[in-house]
Amino acid sequence: MKVCIVGAGAIGGFIGTRLARAGEAQVSALARGATLQALRTQGWRLRQGGELLQAPATASDDPAALGVQELVVVALKGQALPELAPRLAPLIGRDTLVLPAMNGVPWWFGRGVAALGDAPLQSVDPGGVVGRAIPFESVLGCVVHASTATSEPGLVEHRMGQGLIVGEASGGLSERVQRVVALLQNAGFDATASANIRQDIWYKLWGNLTVNPVTAITGATTDRVLDDPLVRAFCTAAMREAAAIGERLGCAIAQSPDDRHAITRKLGAFRSSMLQDVQAGRAIELDAIVGVVHEIATRLGVASPNIDALLGLTRLFGRVHGLYPDSPAAPATA
């Protein structure tokens, strides 16, 4: 299978290195800057369990140079996709599958959900630019359950987890999902097929919705967040709102917030992805994790005062520290 990784950062580099080493796919990368240079000179690199895994890499900053792919894995930060999506056309043919391995709610999530209407979710797809560039019929949903980081351009550090859940964006099981799952399993991932990938996406979001931004604005690791009774209560209240929103979308959550807190607390002094971005001076991935939930709640007419407060506080923090645009392309409605 011909596979292109779009965005060879922490998750893209993790997936790309594993696939390249497994040898069942011809793997390339669409990258830029220092990451592109590192891939060209040093290849794919992944450090896990004290071992450095490497494989030769084909990389370019020009999609036309890589050509039409069978599978395009999009592993970008959500805020980067609207600008890049129109440039991906040379990679996407009639039979190409697009697998967004991204945090939060993806651009296609509202497609076919009557309660949300026909308009694109502006928080993650301003003006519908992503939806126009990437055919919905090509999309396979994906949820990543893994923690990775980049210690330098092109070098991925694996910390924990190797789970990937894959499913049709429109729901149900299919041969093409099974084919991608088998490819990922052969590369060493705990890959599974899902008949309801929207449910899986919402469940992960429900767990990340609060700890990601709260750790970002406080600088605290997740154990300290959950050990503070007042902050934990705030997170619980926001999670209850998100569960009510999910139920309206057909994505009911069976767990209680306390059940989820117990799972997260076992991770110890864990640094969320948003906290890592703040500490590295990178833009925070706020719209795909919190802004879009606020937008969905507004469309559904569901009250979400705690989520609203969390969005406002984190957005202000990001703007003050230059980690979130002062004039976002698609501001969440107030």
# chains A, B, ... in the order shown; residues from 1 in each chain; ligands from 1
call {"tool": "residues_around", "arguments": {"residues": "Val214 of chain A", "least_positions_apart": "3", "cutoff": "12 Å", "atoms": "only C-alpha atoms", "output": "ChimeraX atom specification"}}
result
/A:208-211,217-226,228,231-232,234-235,238,271-275,278,286,290,307,309-315,317
call {"tool": "closest_atom_pairs", "arguments": {"of": "segment 264-328 of chain A", "to": "segment 97-117 of chain A", "cutoff": "8 Å", "atoms": "only C-alpha atoms", "output": "CSV"}}
result
residue,atom,partner,partner_atom,distance
A:Ala288,CA,A:Gly104,CA,4.9
A:Ile289,CA,A:Gly104,CA,4.6
A:Val292,CA,A:Val105,CA,7.0
A:Ile296,CA,A:Leu116,CA,7.2
A:Arg299,CA,A:Leu116,CA,6.2
A:Leu300,CA,A:Ala115,CA,6.7
call {"tool": "write_last_selection", "arguments": {"atoms": "all heavy atoms", "output": "tab-separated table (two decimals), in the first residue's frame"}}
result
chain	number	residue	atom	x	y	z
A	288	ALA	N	-10.35	22.52	18.43
A	288	ALA	CA	-10.78	21.15	18.18
A	288	ALA	C	-11.14	20.40	19.45
A	288	ALA	O	-11.82	19.36	19.39
A	288	ALA	CB	-9.68	20.38	17.43
A	289	ILE	N	-10.70	20.91	20.60
A	289	ILE	CA	-10.95	20.21	21.86
A	289	ILE	C	-12.03	20.88	22.69
A	289	ILE	O	-12.86	20.20	23.30
A	289	ILE	CB	-9.63	20.09	22.67
A	289	ILE	CG1	-8.64	19.20	21.90
A	289	ILE	CG2	-9.87	19.53	24.06
A	289	ILE	CD1	-7.27	19.10	22.53
A	292	VAL	N	-15.04	23.65	19.66
A	292	VAL	CA	-16.04	22.93	18.87
A	292	VAL	C	-17.16	22.38	19.76
A	292	VAL	O	-18.31	22.30	19.34
A	292	VAL	CB	-15.37	21.81	18.04
A	292	VAL	CG1	-14.87	20.68	18.93
A	292	VAL	CG2	-16.31	21.30	16.97
A	296	ILE	N	-21.04	23.20	19.21
A	296	ILE	CA	-22.07	22.17	19.11
A	296	ILE	C	-23.17	22.40	20.14
A	296	ILE	O	-24.36	22.29	19.83
A	296	ILE	CB	-21.44	20.77	19.26
A	296	ILE	CG1	-20.60	20.43	18.03
A	296	ILE	CG2	-22.52	19.71	19.48
A	296	ILE	CD1	-19.78	19.16	18.17
A	299	ARG	N	-25.45	25.12	18.95
A	299	ARG	CA	-26.35	24.67	17.88
A	299	ARG	C	-27.50	23.83	18.44
A	299	ARG	O	-28.63	23.88	17.95
A	299	ARG	CB	-25.58	23.86	16.85
A	299	ARG	CG	-24.65	24.68	15.99
A	299	ARG	CD	-24.29	23.91	14.75
A	299	ARG	NE	-23.23	24.54	14.00
A	299	ARG	CZ	-22.81	24.14	12.80
A	299	ARG	NH1	-23.37	23.09	12.23
A	299	ARG	NH2	-21.83	24.76	12.18
A	300	LEU	N	-27.19	23.02	19.45
A	300	LEU	CA	-28.20	22.14	20.02
A	300	LEU	C	-29.08	22.85	21.04
A	300	LEU	O	-30.11	22.29	21.45
A	300	LEU	CB	-27.51	20.95	20.70
A	300	LEU	CG	-26.73	19.98	19.80
A	300	LEU	CD1	-26.02	18.94	20.66
A	300	LEU	CD2	-27.65	19.31	18.80
call {"tool": "select_by_dssp", "arguments": {"residues": "segment 155-268 of chain A", "states": "helix (DSSP H, G or I)", "output": "VMD selection string"}}
result
chain A and resid 175 to 186 197 to 218 222 to 227 229 to 248 257 to 265
call {"tool": "residues_around", "arguments": {"residues": "segment 26-32 of chain A", "least_positions_apart": "5", "cutoff": "12 Å", "atoms": "only C-alpha atoms", "output": "PyMOL selection string"}}
result
chain A and resi 1-9+12-13+15-21+37-40+43-44+55-76+84+87-88+90-91+153-154+183
call {"tool": "atom_distance", "arguments": {"atom1": "atom CA of Trp206 of chain A", "atom2": "atom CA of Ile245 of chain A"}}
result
10.2 Å
call {"tool": "atom_distance", "arguments": {"atom1": "atom CA of Gly141 of chain A", "atom2": "atom CA of Gly167 of chain A"}}
result
5.2 Å
call {"tool": "atom_distance", "arguments": {"atom1": "atom CA of Ala244 of chain A", "atom2": "atom CA of Cys142 of chain A"}}
result
22.8 Å
call {"tool": "residues_around", "arguments": {"residues": "Gln178 of chain A", "least_positions_apart": "4", "cutoff": "9 Å", "atoms": "only C-alpha atoms", "output": "list in words"}}
result
Val166, Gly167, Leu173, Ser174, Ala182, Leu183, Thr192 and Ala193 of chain A
call {"tool": "residues_around", "arguments": {"residues": "Ser304 of chain A", "least_positions_apart": "2", "cutoff": "8 Å", "atoms": "only C-alpha atoms", "output": "list of chain:residue names"}}
result
A:Ala238, A:Glu241, A:Ala242, A:His294, A:Ala297, A:Val302, A:Asn306, A:Ile307, A:Asp308
call {"tool": "write_last_selection", "arguments": {"atoms": "all heavy atoms", "output": "PDB file, in the first residue's frame"}}
result
ATOM      1  N   ALA A 238     -18.009  20.243  34.006  1.00  0.00           N
ATOM      2  CA  ALA A 238     -17.854  20.413  32.557  1.00  0.00           C
ATOM      3  C   ALA A 238     -18.043  19.080  31.832  1.00  0.00           C
ATOM      4  O   ALA A 238     -18.641  19.030  30.744  1.00  0.00           O
ATOM      5  CB  ALA A 238     -16.489  21.005  32.236  1.00  0.00           C
ATOM      6  N   GLU A 241     -21.673  18.285  31.420  1.00  0.00           N
ATOM      7  CA  GLU A 241     -22.246  19.036  30.293  1.00  0.00           C
ATOM      8  C   GLU A 241     -21.895  18.365  28.970  1.00  0.00           C
ATOM      9  O   GLU A 241     -22.753  18.223  28.090  1.00  0.00           O
ATOM     10  CB  GLU A 241     -21.719  20.471  30.313  1.00  0.00           C
ATOM     11  CG  GLU A 241     -22.198  21.294  31.503  1.00  0.00           C
ATOM     12  CD  GLU A 241     -21.511  22.636  31.613  1.00  0.00           C
ATOM     13  OE1 GLU A 241     -20.640  22.943  30.763  1.00  0.00           O
ATOM     14  OE2 GLU A 241     -21.842  23.386  32.547  1.00  0.00           O
ATOM     15  N   ALA A 242     -20.641  17.941  28.819  1.00  0.00           N
ATOM     16  CA  ALA A 242     -20.216  17.287  27.577  1.00  0.00           C
ATOM     17  C   ALA A 242     -20.943  15.965  27.369  1.00  0.00           C
ATOM     18  O   ALA A 242     -21.265  15.590  26.239  1.00  0.00           O
ATOM     19  CB  ALA A 242     -18.705  17.066  27.589  1.00  0.00           C
ATOM     20  N   HIS A 294     -18.260  23.849  22.491  1.00  0.00           N
ATOM     21  CA  HIS A 294     -19.077  25.037  22.730  1.00  0.00           C
ATOM     22  C   HIS A 294     -19.969  25.333  21.523  1.00  0.00           C
ATOM     23  O   HIS A 294     -21.163  25.643  21.677  1.00  0.00           O
ATOM     24  CB  HIS A 294     -18.158  26.224  23.022  1.00  0.00           C
ATOM     25  CG  HIS A 294     -18.840  27.552  23.021  1.00  0.00           C
ATOM     26  ND1 HIS A 294     -19.631  27.983  24.051  1.00  0.00           N
ATOM     27  CD2 HIS A 294     -18.845  28.546  22.096  1.00  0.00           C
ATOM     28  CE1 HIS A 294     -20.105  29.195  23.767  1.00  0.00           C
ATOM     29  NE2 HIS A 294     -19.633  29.557  22.590  1.00  0.00           N
ATOM     30  N   ALA A 297     -22.773  22.734  21.368  1.00  0.00           N
ATOM     31  CA  ALA A 297     -23.770  23.006  22.415  1.00  0.00           C
ATOM     32  C   ALA A 297     -24.679  24.161  22.010  1.00  0.00           C
ATOM     33  O   ALA A 297     -25.896  24.115  22.220  1.00  0.00           O
ATOM     34  CB  ALA A 297     -23.064  23.314  23.732  1.00  0.00           C
ATOM     35  N   VAL A 302     -28.072  23.484  24.117  1.00  0.00           N
ATOM     36  CA  VAL A 302     -27.758  22.864  25.401  1.00  0.00           C
ATOM     37  C   VAL A 302     -26.894  23.825  26.214  1.00  0.00           C
ATOM     38  O   VAL A 302     -25.858  24.300  25.728  1.00  0.00           O
ATOM     39  CB  VAL A 302     -27.016  21.525  25.204  1.00  0.00           C
ATOM     40  CG1 VAL A 302     -26.607  20.933  26.548  1.00  0.00           C
ATOM     41  CG2 VAL A 302     -27.882  20.547  24.427  1.00  0.00           C
ATOM     42  N   ASN A 306     -20.006  25.764  32.242  1.00  0.00           N
ATOM     43  CA  ASN A 306     -18.647  25.422  32.671  1.00  0.00           C
ATOM     44  C   ASN A 306     -17.711  25.254  31.475  1.00  0.00           C
ATOM     45  O   ASN A 306     -16.555  25.683  31.513  1.00  0.00           O
ATOM     46  CB  ASN A 306     -18.680  24.146  33.515  1.00  0.00           C
ATOM     47  CG  ASN A 306     -19.375  24.351  34.842  1.00  0.00           C
ATOM     48  OD1 ASN A 306     -18.827  24.946  35.756  1.00  0.00           O
ATOM     49  ND2 ASN A 306     -20.609  23.886  34.941  1.00  0.00           N
ATOM     50  N   ILE A 307     -18.219  24.657  30.403  1.00  0.00           N
ATOM     51  CA  ILE A 307     -17.417  24.550  29.183  1.00  0.00           C
ATOM     52  C   ILE A 307     -17.158  25.946  28.615  1.00  0.00           C
ATOM     53  O   ILE A 307     -16.047  26.243  28.154  1.00  0.00           O
ATOM     54  CB  ILE A 307     -18.121  23.647  28.154  1.00  0.00           C
ATOM     55  CG1 ILE A 307     -18.153  22.203  28.655  1.00  0.00           C
ATOM     56  CG2 ILE A 307     -17.434  23.725  26.790  1.00  0.00           C
ATOM     57  CD1 ILE A 307     -18.975  21.262  27.798  1.00  0.00           C
ATOM     58  N   ASP A 308     -18.173  26.807  28.664  1.00  0.00           N
ATOM     59  CA  ASP A 308     -18.007  28.179  28.177  1.00  0.00           C
ATOM     60  C   ASP A 308     -16.914  28.898  28.957  1.00  0.00           C
ATOM     61  O   ASP A 308     -16.060  29.592  28.374  1.00  0.00           O
ATOM     62  CB  ASP A 308     -19.318  28.955  28.309  1.00  0.00           C
ATOM     63  CG  ASP A 308     -20.453  28.356  27.496  1.00  0.00           C
ATOM     64  OD1 ASP A 308     -20.182  27.448  26.681  1.00  0.00           O
ATOM     65  OD2 ASP A 308     -21.599  28.784  27.686  1.00  0.00           O
TER      66      ASP A 308
END
call {"tool": "select_by_dssp", "arguments": {"residues": "segment 150-326 of chain A", "states": "strand (DSSP E or B)", "output": "ChimeraX atom specification"}}
result
/A:150-152,155-168,190-194
call {"tool": "write_last_selection", "arguments": {"atoms": "N, CA and C atoms", "output": "JSON list (two decimals), in the first residue's frame"}}
result
[["chain", "number", "residue", "atom", "x", "y", "z"],
["A", 150, "THR", "N", 8.09, 14.88, 20.50],
["A", 150, "THR", "CA", 9.29, 15.03, 19.68],
["A", 150, "THR", "C", 10.35, 15.75, 20.51],
["A", 151, "SER", "N", 11.48, 15.11, 20.70],
["A", 151, "SER", "CA", 12.57, 15.72, 21.45],
["A", 151, "SER", "C", 13.42, 16.62, 20.58],
["A", 152, "GLU", "N", 13.35, 16.40, 19.27],
["A", 152, "GLU", "CA", 14.00, 17.25, 18.28],
["A", 152, "GLU", "C", 13.30, 16.97, 16.96],
["A", 155, "LEU", "N", 12.58, 13.26, 15.48],
["A", 155, "LEU", "CA", 12.83, 12.20, 16.46],
["A", 155, "LEU", "C", 11.66, 12.12, 17.43],
["A", 156, "VAL", "N", 10.94, 10.99, 17.39],
["A", 156, "VAL", "CA", 9.76, 10.79, 18.21],
["A", 156, "VAL", "C", 10.12, 9.96, 19.43],
["A", 157, "GLU", "N", 9.61, 10.38, 20.58],
["A", 157, "GLU", "CA", 9.79, 9.65, 21.83],
["A", 157, "GLU", "C", 8.44, 9.04, 22.21],
["A", 158, "HIS", "N", 8.40, 7.71, 22.27],
["A", 158, "HIS", "CA", 7.17, 7.02, 22.66],
["A", 158, "HIS", "C", 7.13, 6.88, 24.17],
["A", 159, "ARG", "N", 6.00, 7.29, 24.77],
["A", 159, "ARG", "CA", 5.87, 7.24, 26.22],
["A", 159, "ARG", "C", 4.96, 6.11, 26.68],
["A", 160, "MET", "N", 3.77, 6.04, 26.13],
["A", 160, "MET", "CA", 2.86, 4.96, 26.52],
["A", 160, "MET", "C", 1.76, 4.81, 25.48],
["A", 161, "GLY", "N", 1.18, 3.62, 25.44],
["A", 161, "GLY", "CA", 0.03, 3.37, 24.59],
["A", 161, "GLY", "C", 0.39, 3.18, 23.13],
["A", 162, "GLN", "N", -0.37, 2.35, 22.46],
["A", 162, "GLN", "CA", -0.20, 2.15, 21.02],
["A", 162, "GLN", "C", -1.53, 1.77, 20.37],
["A", 163, "GLY", "N", -2.60, 2.33, 20.93],
["A", 163, "GLY", "CA", -3.93, 2.00, 20.44],
["A", 163, "GLY", "C", -4.38, 2.91, 19.31],
["A", 164, "LEU", "N", -4.97, 2.33, 18.28],
["A", 164, "LEU", "CA", -5.57, 3.06, 17.18],
["A", 164, "LEU", "C", -6.93, 2.43, 16.89],
["A", 165, "ILE", "N", -7.98, 3.24, 16.94],
["A", 165, "ILE", "CA", -9.32, 2.77, 16.59],
["A", 165, "ILE", "C", -9.69, 3.38, 15.25],
["A", 166, "VAL", "N", -10.17, 2.55, 14.32],
["A", 166, "VAL", "CA", -10.46, 3.00, 12.97],
["A", 166, "VAL", "C", -11.90, 2.62, 12.61],
["A", 167, "GLY", "N", -12.61, 3.53, 11.97],
["A", 167, "GLY", "CA", -13.97, 3.23, 11.56],
["A", 167, "GLY", "C", -14.45, 4.14, 10.45],
["A", 168, "GLU", "N", -15.47, 3.70, 9.76],
["A", 168, "GLU", "CA", -16.07, 4.52, 8.70],
["A", 168, "GLU", "C", -16.68, 5.78, 9.31],
["A", 190, "ASP", "N", -1.94, -1.64, 18.46],
["A", 190, "ASP", "CA", -3.15, -2.28, 18.97],
["A", 190, "ASP", "C", -4.33, -1.65, 18.22],
["A", 191, "ALA", "N", -4.49, -2.03, 16.99],
["A", 191, "ALA", "CA", -5.50, -1.42, 16.12],
["A", 191, "ALA", "C", -6.78, -2.24, 16.14],
["A", 192, "THR", "N", -7.91, -1.55, 16.23],
["A", 192, "THR", "CA", -9.21, -2.21, 16.24],
["A", 192, "THR", "C", -10.16, -1.47, 15.31],
["A", 193, "ALA", "N", -11.15, -2.20, 14.81],
["A", 193, "ALA", "CA", -12.18, -1.62, 13.96],
["A", 193, "ALA", "C", -13.38, -1.25, 14.81],
["A", 194, "SER", "N", -14.00, -0.12, 14.50],
["A", 194, "SER", "CA", -15.18, 0.34, 15.22],
["A", 194, "SER", "C", -16.34, 0.54, 14.25]]
call {"tool": "closest_residue", "arguments": {"among": "A:Gly281, A:Pro305, A:Gly207, A:Gly131", "to": "Gly318 of chain A", "atoms": "only C-alpha atoms"}}
result
A:Gly281
